[in-house]
>>> print(open('start08.cif').read())   # mmCIF, C-alpha atoms
data_start
#
loop_
_atom_site.label_atom_id
_atom_site.label_comp_id
_atom_site.auth_asym_id
_atom_site.auth_seq_id
_atom_site.Cartn_x
_atom_site.Cartn_y
_atom_site.Cartn_z
CA MET A 1 -16.48 16.55 -2.78
CA ARG A 2 -16.27 20.01 -1.23
CA LEU A 3 -17.69 22.88 -3.24
CA SER A 4 -14.25 24.38 -3.87
CA GLU A 5 -13.17 21.15 -5.59
CA TRP A 6 -15.94 21.54 -8.18
CA ILE A 7 -14.84 24.99 -9.35
CA ASP A 8 -12.12 24.00 -11.83
CA PRO A 9 -14.06 21.09 -13.41
CA PHE A 10 -17.09 23.37 -13.79
CA LEU A 11 -15.08 26.16 -15.45
CA ASP A 12 -13.43 23.65 -17.79
CA ALA A 13 -16.88 22.36 -18.78
CA VAL A 14 -18.27 25.87 -19.34
CA TRP A 15 -15.25 26.83 -21.44
CA SER A 16 -15.50 23.73 -23.63
CA GLU A 17 -19.29 23.99 -24.05
CA ARG A 18 -19.68 27.73 -24.52
CA GLY A 19 -16.22 29.12 -25.27
CA LEU A 20 -16.45 31.84 -22.62
CA ALA A 21 -13.73 34.49 -22.62
CA SER A 22 -11.09 34.38 -19.90
CA ALA A 23 -12.53 37.49 -18.21
CA SER A 24 -15.95 35.81 -17.93
CA LEU A 25 -14.39 32.64 -16.53
CA GLU A 26 -12.52 34.65 -13.90
CA ALA A 27 -15.75 36.42 -12.94
CA TYR A 28 -17.41 33.01 -12.51
CA ARG A 29 -14.49 31.83 -10.39
CA ARG A 30 -14.78 34.86 -8.11
CA ASP A 31 -18.54 34.45 -7.75
CA ILE A 32 -18.24 30.81 -6.67
CA ALA A 33 -15.27 31.56 -4.41
CA HIS A 34 -17.32 34.26 -2.65
CA LEU A 35 -19.99 31.66 -1.90
CA VAL A 36 -17.44 29.11 -0.66
CA ASN A 37 -15.88 31.71 1.64
CA SER A 38 -19.32 32.71 2.87
CA LEU A 39 -20.38 29.14 3.69
CA GLY A 40 -17.05 27.75 4.77
CA GLU A 41 -15.74 24.45 3.45
CA THR A 42 -18.44 21.79 3.58
CA ASN A 43 -19.37 18.58 1.80
CA HIS A 44 -23.04 19.53 1.87
CA ALA A 45 -24.90 21.62 -0.70
CA PRO A 46 -26.13 24.98 0.61
CA THR A 47 -29.81 25.38 1.38
CA ARG A 48 -32.07 28.05 -0.06
CA ALA A 49 -31.74 29.97 3.23
CA ASP A 50 -27.92 29.81 2.99
CA LEU A 51 -28.03 31.27 -0.49
CA LEU A 52 -30.46 34.03 0.44
CA ARG A 53 -28.17 35.05 3.32
CA HIS A 54 -25.19 35.02 0.95
CA PHE A 55 -26.84 37.32 -1.60
CA SER A 56 -28.16 39.57 1.16
CA THR A 57 -24.62 39.96 2.48
CA ARG A 58 -23.26 40.73 -0.98
CA ILE A 59 -25.84 43.51 -1.45
CA LYS A 60 -25.10 44.93 2.03
CA ASN A 61 -21.40 44.94 1.13
CA GLY A 62 -22.14 47.19 -1.83
CA ASP A 63 -22.46 44.83 -4.80
CA SER A 64 -24.52 46.37 -7.60
CA VAL A 65 -27.72 44.85 -8.92
CA ALA A 66 -25.89 43.92 -12.13
CA SER A 67 -23.18 42.15 -10.12
CA VAL A 68 -25.68 40.19 -8.03
CA THR A 69 -27.61 39.27 -11.19
CA ARG A 70 -24.42 37.81 -12.66
CA GLN A 71 -23.74 35.90 -9.42
CA VAL A 72 -27.22 34.39 -9.43
CA SER A 73 -26.80 33.26 -13.05
CA CYS A 74 -23.35 31.82 -12.36
CA LEU A 75 -24.38 29.87 -9.26
CA ARG A 76 -27.52 28.55 -10.94
CA GLN A 77 -25.34 27.13 -13.70
CA PHE A 78 -22.79 25.83 -11.19
CA PHE A 79 -25.28 23.81 -9.13
CA ALA A 80 -27.13 22.63 -12.24
CA TRP A 81 -23.84 21.26 -13.58
CA ILE A 82 -23.08 19.46 -10.28
CA GLN A 83 -26.61 18.06 -10.36
CA ARG A 84 -26.02 16.70 -13.88
CA GLN A 85 -22.92 14.91 -12.59
CA GLY A 86 -25.19 13.02 -10.20
CA TYR A 87 -23.96 14.56 -6.95
CA LEU A 88 -27.03 16.69 -6.15
CA PRO A 89 -30.67 15.60 -6.06
CA ASP A 90 -31.87 19.20 -6.60
CA ASN A 91 -30.49 22.55 -7.68
CA PRO A 92 -30.82 24.87 -4.63
CA MET A 93 -30.72 27.89 -6.98
CA LEU A 94 -33.64 26.73 -9.08
CA ASP A 95 -36.32 28.94 -7.49
CA LEU A 96 -34.09 31.90 -6.68
CA HIS A 97 -34.44 34.88 -9.00
CA ALA A 98 -32.10 37.78 -9.58
CA PRO A 99 -33.16 41.26 -8.44
CA ALA A 100 -34.80 43.43 -11.06
CA ARG A 101 -32.28 45.52 -12.96
CA MET A 102 -32.65 49.21 -13.62
CA HIS A 103 -31.79 49.81 -17.26
CA ARG A 104 -29.71 52.93 -17.62
CA LEU A 105 -29.86 54.61 -20.99
CA PRO A 106 -26.46 54.72 -22.69
CA ASN A 107 -24.66 58.03 -22.86
CA LEU A 108 -24.53 59.08 -26.50
CA LEU A 109 -22.82 61.48 -28.83
CA SER A 110 -24.96 63.48 -31.21
CA GLU A 111 -24.28 63.14 -34.93
CA ARG A 112 -22.78 66.64 -34.88
CA GLU A 113 -20.43 65.66 -32.03
CA VAL A 114 -19.40 62.49 -33.88
CA ARG A 115 -18.55 64.50 -37.01
CA ALA A 116 -16.44 66.90 -34.94
CA LEU A 117 -14.66 64.05 -33.16
CA LEU A 118 -13.87 62.16 -36.38
CA ALA A 119 -12.41 65.29 -37.96
CA GLN A 120 -10.19 66.15 -34.97
CA PRO A 121 -7.04 64.02 -35.56
CA GLU A 122 -4.54 65.71 -37.89
CA PRO A 123 -3.95 63.59 -41.03
CA ASP A 124 -0.41 64.85 -41.60
CA THR A 125 1.23 62.64 -38.93
CA ALA A 126 1.35 58.86 -38.51
CA LEU A 127 -0.46 59.02 -35.17
CA GLY A 128 -3.04 61.39 -36.58
CA LEU A 129 -3.73 58.99 -39.45
CA ARG A 130 -3.97 56.12 -36.95
CA ASP A 131 -6.33 57.96 -34.61
CA ARG A 132 -8.62 59.02 -37.44
CA ALA A 133 -8.72 55.42 -38.71
CA ILE A 134 -9.50 54.19 -35.18
CA LEU A 135 -12.35 56.65 -34.69
CA GLU A 136 -13.80 55.98 -38.15
CA SER A 137 -13.58 52.22 -37.55
CA LEU A 138 -15.28 52.36 -34.15
CA TYR A 139 -18.14 54.50 -35.38
CA ALA A 140 -18.53 52.65 -38.70
CA THR A 141 -18.70 49.19 -37.13
CA GLY A 142 -19.74 49.52 -33.48
CA MET A 143 -16.79 47.31 -32.53
CA ARG A 144 -15.82 46.94 -28.89
CA VAL A 145 -12.43 48.50 -28.18
CA SER A 146 -11.05 45.06 -27.24
CA GLU A 147 -12.09 43.79 -30.69
CA LEU A 148 -10.44 46.77 -32.36
CA VAL A 149 -7.05 46.49 -30.63
CA GLU A 150 -6.88 42.74 -31.35
CA LEU A 151 -7.87 43.09 -35.02
CA PRO A 152 -5.30 41.48 -37.38
CA LEU A 153 -4.69 42.64 -40.92
CA SER A 154 -6.01 39.34 -42.28
CA ARG A 155 -9.55 40.17 -41.10
CA LEU A 156 -9.74 43.37 -43.15
CA ASN A 157 -11.12 43.35 -46.69
CA LEU A 158 -10.92 46.95 -47.85
CA ILE A 159 -11.77 46.09 -51.46
CA ARG A 160 -15.16 44.80 -50.35
CA GLY A 161 -15.37 47.27 -47.49
CA GLN A 162 -15.75 44.63 -44.78
CA VAL A 163 -14.15 43.56 -41.54
CA ARG A 164 -14.47 40.18 -39.84
CA VAL A 165 -14.64 40.60 -36.07
CA VAL A 166 -14.22 37.93 -33.40
CA GLY A 167 -16.31 38.90 -30.39
CA LYS A 168 -17.30 37.45 -27.05
CA GLY A 169 -17.34 33.67 -26.87
CA GLY A 170 -15.33 33.46 -30.09
CA ARG A 171 -18.38 34.40 -32.17
CA GLU A 172 -17.53 35.90 -35.56
CA ARG A 173 -19.47 38.55 -37.41
CA LEU A 174 -18.93 40.30 -40.73
CA ILE A 175 -19.46 44.07 -40.57
CA PRO A 176 -19.55 46.54 -43.47
CA LEU A 177 -17.15 49.47 -43.50
CA GLY A 178 -18.42 52.72 -44.96
CA GLU A 179 -16.34 54.60 -47.50
CA PRO A 180 -14.96 57.17 -44.97
CA ALA A 181 -13.71 54.34 -42.75
CA VAL A 182 -12.17 52.49 -45.70
CA LEU A 183 -10.35 55.63 -46.86
CA ALA A 184 -9.11 56.40 -43.34
CA ILE A 185 -7.81 52.85 -42.84
CA GLU A 186 -6.15 52.84 -46.26
CA ALA A 187 -4.38 56.12 -45.47
CA TRP A 188 -3.17 54.71 -42.15
CA LEU A 189 -1.95 51.44 -43.68
CA GLN A 190 -0.19 53.13 -46.60
CA ARG A 191 1.22 56.31 -45.06
CA GLY A 192 1.22 55.85 -41.30
CA ARG A 193 1.67 52.29 -40.10
CA PRO A 194 4.79 51.35 -42.19
CA GLY A 195 6.80 54.23 -40.67
CA LEU A 196 6.29 52.86 -37.14
CA ASN A 197 8.02 49.53 -37.95
CA PRO A 198 5.19 47.33 -36.66
CA SER A 199 6.32 44.11 -35.01
CA GLY A 200 3.16 42.07 -35.57
CA ASP A 201 0.04 41.77 -37.69
CA ARG A 202 -2.27 44.01 -35.68
CA VAL A 203 -3.97 46.70 -37.73
CA PHE A 204 -3.42 49.37 -35.07
CA VAL A 205 -0.07 49.78 -33.32
CA SER A 206 1.58 52.21 -30.94
CA ARG A 207 4.24 54.80 -31.83
CA ARG A 208 6.80 52.05 -31.11
CA GLY A 209 5.12 49.59 -33.46
CA LEU A 210 3.67 47.46 -30.65
CA PRO A 211 0.03 46.38 -30.22
CA LEU A 212 -2.16 49.10 -28.74
CA SER A 213 -3.80 48.66 -25.35
CA ARG A 214 -7.45 49.47 -24.67
CA GLN A 215 -6.29 52.15 -22.22
CA ALA A 216 -4.22 53.86 -24.91
CA VAL A 217 -7.22 54.02 -27.25
CA TRP A 218 -9.36 55.38 -24.42
CA GLN A 219 -6.80 58.13 -23.67
CA ARG A 220 -6.47 59.15 -27.32
CA ILE A 221 -10.23 59.38 -27.80
CA ARG A 222 -10.62 61.39 -24.60
CA GLY A 223 -7.89 63.80 -25.73
CA HIS A 224 -9.48 64.35 -29.14
CA ALA A 225 -12.92 64.82 -27.58
CA ARG A 226 -11.63 67.51 -25.24
CA ALA A 227 -9.79 69.21 -28.09
CA CYS A 228 -13.01 69.62 -30.08
CA GLY A 229 -15.06 70.75 -27.08
CA ILE A 230 -17.14 67.63 -26.33
CA ALA A 231 -18.13 67.63 -22.67
CA GLY A 232 -18.32 64.67 -20.32
CA ASP A 233 -16.37 61.45 -20.02
CA ILE A 234 -15.74 60.21 -23.55
CA HIS A 235 -14.76 56.57 -24.02
CA PRO A 236 -14.81 54.08 -26.92
CA HIS A 237 -18.10 52.52 -25.81
CA ARG A 238 -19.87 55.83 -26.36
CA LEU A 239 -19.06 55.47 -30.04
CA ARG A 240 -20.54 51.94 -29.96
CA HIS A 241 -23.70 53.28 -28.30
CA SER A 242 -23.87 56.12 -30.82
CA PHE A 243 -23.37 53.72 -33.74
CA ALA A 244 -26.35 51.58 -32.65
CA THR A 245 -28.66 54.48 -31.84
CA HIS A 246 -27.91 56.43 -35.00
CA LEU A 247 -28.61 53.31 -37.09
CA LEU A 248 -32.02 52.94 -35.44
CA ASP A 249 -32.70 56.66 -35.78
CA HIS A 250 -32.21 56.29 -39.52
CA GLY A 251 -34.52 53.29 -39.85
CA ALA A 252 -32.31 50.21 -39.35
CA ASP A 253 -33.97 46.98 -38.24
CA LEU A 254 -33.32 45.99 -34.62
CA ARG A 255 -32.16 42.49 -35.56
CA VAL A 256 -29.63 43.94 -38.01
CA VAL A 257 -28.25 46.12 -35.22
CA GLN A 258 -28.12 43.07 -32.94
CA MET A 259 -26.08 41.19 -35.54
CA LEU A 260 -23.70 44.11 -36.12
CA LEU A 261 -23.10 44.60 -32.39
CA GLY A 262 -22.58 40.88 -31.79
CA HIS A 263 -25.25 40.61 -29.08
CA ALA A 264 -26.27 37.03 -28.33
CA ASP A 265 -29.60 38.21 -26.90
CA LEU A 266 -31.95 40.62 -28.68
CA GLY A 267 -32.98 41.97 -25.27
CA THR A 268 -29.52 43.49 -24.87
CA THR A 269 -30.00 45.44 -28.10
CA GLN A 270 -33.50 46.64 -27.21
CA ILE A 271 -32.14 49.28 -24.83
CA TYR A 272 -31.29 51.30 -27.94
CA THR A 273 -34.93 51.43 -29.00
CA HIS A 274 -35.67 53.20 -25.71
CA VAL A 275 -32.84 55.63 -26.42
CA SER A 276 -34.22 56.37 -29.88
CA ARG A 277 -37.70 57.01 -28.49
CA SER A 278 -36.24 59.26 -25.82
CA ARG A 279 -34.29 61.26 -28.41
CA LEU A 280 -37.35 61.48 -30.63
CA LYS A 281 -39.38 63.03 -27.82
CA SER A 282 -36.56 65.44 -27.03
CA LEU A 283 -36.23 66.53 -30.66
CA TYR A 284 -40.01 66.95 -30.95
CA SER A 285 -40.18 69.10 -27.82
CA ARG A 286 -37.23 71.20 -28.97
CA HIS A 287 -38.30 71.82 -32.57
CA HIS A 288 -42.08 71.55 -32.83
CA PRO A 289 -43.79 74.95 -32.33
CA ARG A 290 -46.34 73.40 -29.97
CA GLY A 291 -44.08 70.77 -28.47
#
>>> encode(input="start08.cif", output="structure tokens")
Amino acid sequence: MRLSEWIDPFLDAVWSERGLASASLEAYRRDIAHLVNSLGETNHAPTRADLLRHFSTRIKNGDSVASVTRQVSCLRQFFAWIQRQGYLPDNPMLDLHAPARMHRLPNLLSEREVRALLAQPEPDTALGLRDRAILESLYATGMRVSELVELPLSRLNLIRGQVRVVGKGGRERLIPLGEPAVLAIEAWLQRGRPGLNPSGDRVFVSRRGLPLSRQAVWQRIRGHARACGIAGDIHPHRLRHSFATHLLDHGADLRVVQMLLGHADLGTTQIYTHVSRSRLKSLYSRHHPRG
């Protein structure tokens, strides 16, 4: 079989084994298609030299280190799967390693900035109640914005102060809601949401009662941030970063933060320990008389 004919069976196998999200599957498809286009249609497996030339070309064409790292991981899995089907004696990706990644520290909001942002939406309108509930929910839980906009009413338990979130790969996690978030959500559900005639079971809806898009949440957060004088590009993920870092700043265990964020790998969460150390040094230098 030609390489292109293995793409769909491979993606079906990955989906059934690991439950990858559609966006991840499409990224895998693009990565393999890039290789097929680079090599041309052939019945032969690429050599190590072919693959090195392919990755070299991708880097020259402007692909980031993170993108190339994902491509290496994808193609390693792709050829390993073909090998398991009995059509390859060896995996040509086996001894190829991804380039070292530079870990950028997440851009954070200070606790003072978070307090200002959460207080910005006016609670005397339906949209103000909604926006305050959105901001409180994002900061209280560290949810991804995609998880927030897809959240159904059935996954909220305001009596217990909990929300059940379905994250990447269909993995579920139960996250506590603090009292301010519970009160904000209750106000939205009782006094804001009913007046918008919602058409479905999503917790957060638009002014027309339809499900919110990620872009709409992004725009609302950016508008509130500008209104209260927060500089820089504000987006929902900054609240997620701030949630994790503030937890660690106040003594939370790293594995607890990993569980709350829904990270499959603890290494992904460890970036926040570097952020906390960096902030600690900054605070020491700023406030200690001999810092």
>>> resolve_selection(input="start08.cif", expression="the PyMOL selection byres ((chain A and resi 43-59) around 12)", output="ChimeraX atom specification")
/A:1-6,31-42,60-72,75-76,78-80,82-83,87-99
>>> atom_distance(input="start08.cif", atom1="CA of Leu129 in chain A", atom2="CA of Trp188 in chain A")
5.1 Å
>>> resolve_selection(input="start08.cif", expression="the PyMOL selection byres ((chain A and resi 122) around 12)", output="ChimeraX atom specification")
/A:117-121,123-133,184,188,192,224,227
>>> resolve_selection(input="start08.cif", expression="the PyMOL selection byres ((chain A and resi 256-260) around 10)", output="MDAnalysis selection string")
chainID A and resid 141:143 165 173:176 243:245 247:248 252:255 261:270 272
>>> atom_distance(input="start08.cif", atom1="CA of Val149 in chain A", atom2="CA of Leu210 in chain A")
10.8 Å
>>> closest_residue(input="start08.cif", among="A:Arg208, A:Arg226, A:Glu186, A:Glu147", to="Lys168 in chain A", atoms="only C-alpha atoms")
A:Glu147
>>> residues_around(input="start08.cif", residues="Trp218 in chain A", least_positions_apart="4", cutoff="10 Å", atoms="all atoms listed in the file", output="PyMOL selection string")
chain A and resi 145+213-214+222-223+234-237
>>> atom_distance(input="start08.cif", atom1="CA of Asn107 in chain A", atom2="CA of Ile271 in chain A")
11.7 Å
>>> residues_near_point(input="start08.cif", point="(-14.2, 35.4, -16.5)", cutoff="12 Å", atoms="all atoms listed in the file", output="PDB file with C-alpha atoms, in the coordinates of the input")
ATOM      1  CA  LEU A  11     -15.080  26.160 -15.450  1.00  0.00           C
ATOM      2  CA  ASP A  12     -13.430  23.650 -17.790  1.00  0.00           C
ATOM      3  CA  VAL A  14     -18.270  25.870 -19.340  1.00  0.00           C
ATOM      4  CA  TRP A  15     -15.250  26.830 -21.440  1.00  0.00           C
ATOM      5  CA  GLY A  19     -16.220  29.120 -25.270  1.00  0.00           C
ATOM      6  CA  LEU A  20     -16.450  31.840 -22.620  1.00  0.00           C
ATOM      7  CA  ALA A  21     -13.730  34.490 -22.620  1.00  0.00           C
ATOM      8  CA  SER A  22     -11.090  34.380 -19.900  1.00  0.00           C
ATOM      9  CA  ALA A  23     -12.530  37.490 -18.210  1.00  0.00           C
ATOM     10  CA  SER A  24     -15.950  35.810 -17.930  1.00  0.00           C
ATOM     11  CA  LEU A  25     -14.390  32.640 -16.530  1.00  0.00           C
ATOM     12  CA  GLU A  26     -12.520  34.650 -13.900  1.00  0.00           C
ATOM     13  CA  ALA A  27     -15.750  36.420 -12.940  1.00  0.00           C
ATOM     14  CA  TYR A  28     -17.410  33.010 -12.510  1.00  0.00           C
ATOM     15  CA  ARG A  29     -14.490  31.830 -10.390  1.00  0.00           C
ATOM     16  CA  ARG A  30     -14.780  34.860  -8.110  1.00  0.00           C
ATOM     17  CA  ASP A  31     -18.540  34.450  -7.750  1.00  0.00           C
ATOM     18  CA  ILE A  32     -18.240  30.810  -6.670  1.00  0.00           C
ATOM     19  CA  ARG A  70     -24.420  37.810 -12.660  1.00  0.00           C
ATOM     20  CA  GLN A  71     -23.740  35.900  -9.420  1.00  0.00           C
ATOM     21  CA  CYS A  74     -23.350  31.820 -12.360  1.00  0.00           C
ATOM     22  CA  LYS A 168     -17.300  37.450 -27.050  1.00  0.00           C
ATOM     23  CA  GLY A 169     -17.340  33.670 -26.870  1.00  0.00           C
TER      24      GLY A 169
END
>>> closest_residue(input="start08.cif", among="A:Val217, A:Pro180, A:Arg207, A:Glu113", to="Leu148 in chain A", atoms="only C-alpha atoms")
A:Val217
>>> closest_residue(input="start08.cif", among="A:Val182, A:Leu151, A:Leu239, A:Ile159", to="Gly200 in chain A", atoms="all atoms listed in the file")
A:Leu151
>>> closest_residue(input="start08.cif", among="A:Val203, A:Ile134, A:Glu17, A:Gln190", to="Ala216 in chain A", atoms="all atoms listed in the file")
A:Ile134
>>> closest_residue(input="start08.cif", among="A:Val166, A:Leu158, A:Cys228, A:Glu150", to="Leu212 in chain A", atoms="all atoms listed in the file")
A:Glu150
>>> closest_residue(input="start08.cif", among="A:Gln215, A:His250, A:Leu108, A:Gly209", to="Asp233 in chain A", atoms="all atoms listed in the file")
A:Leu108
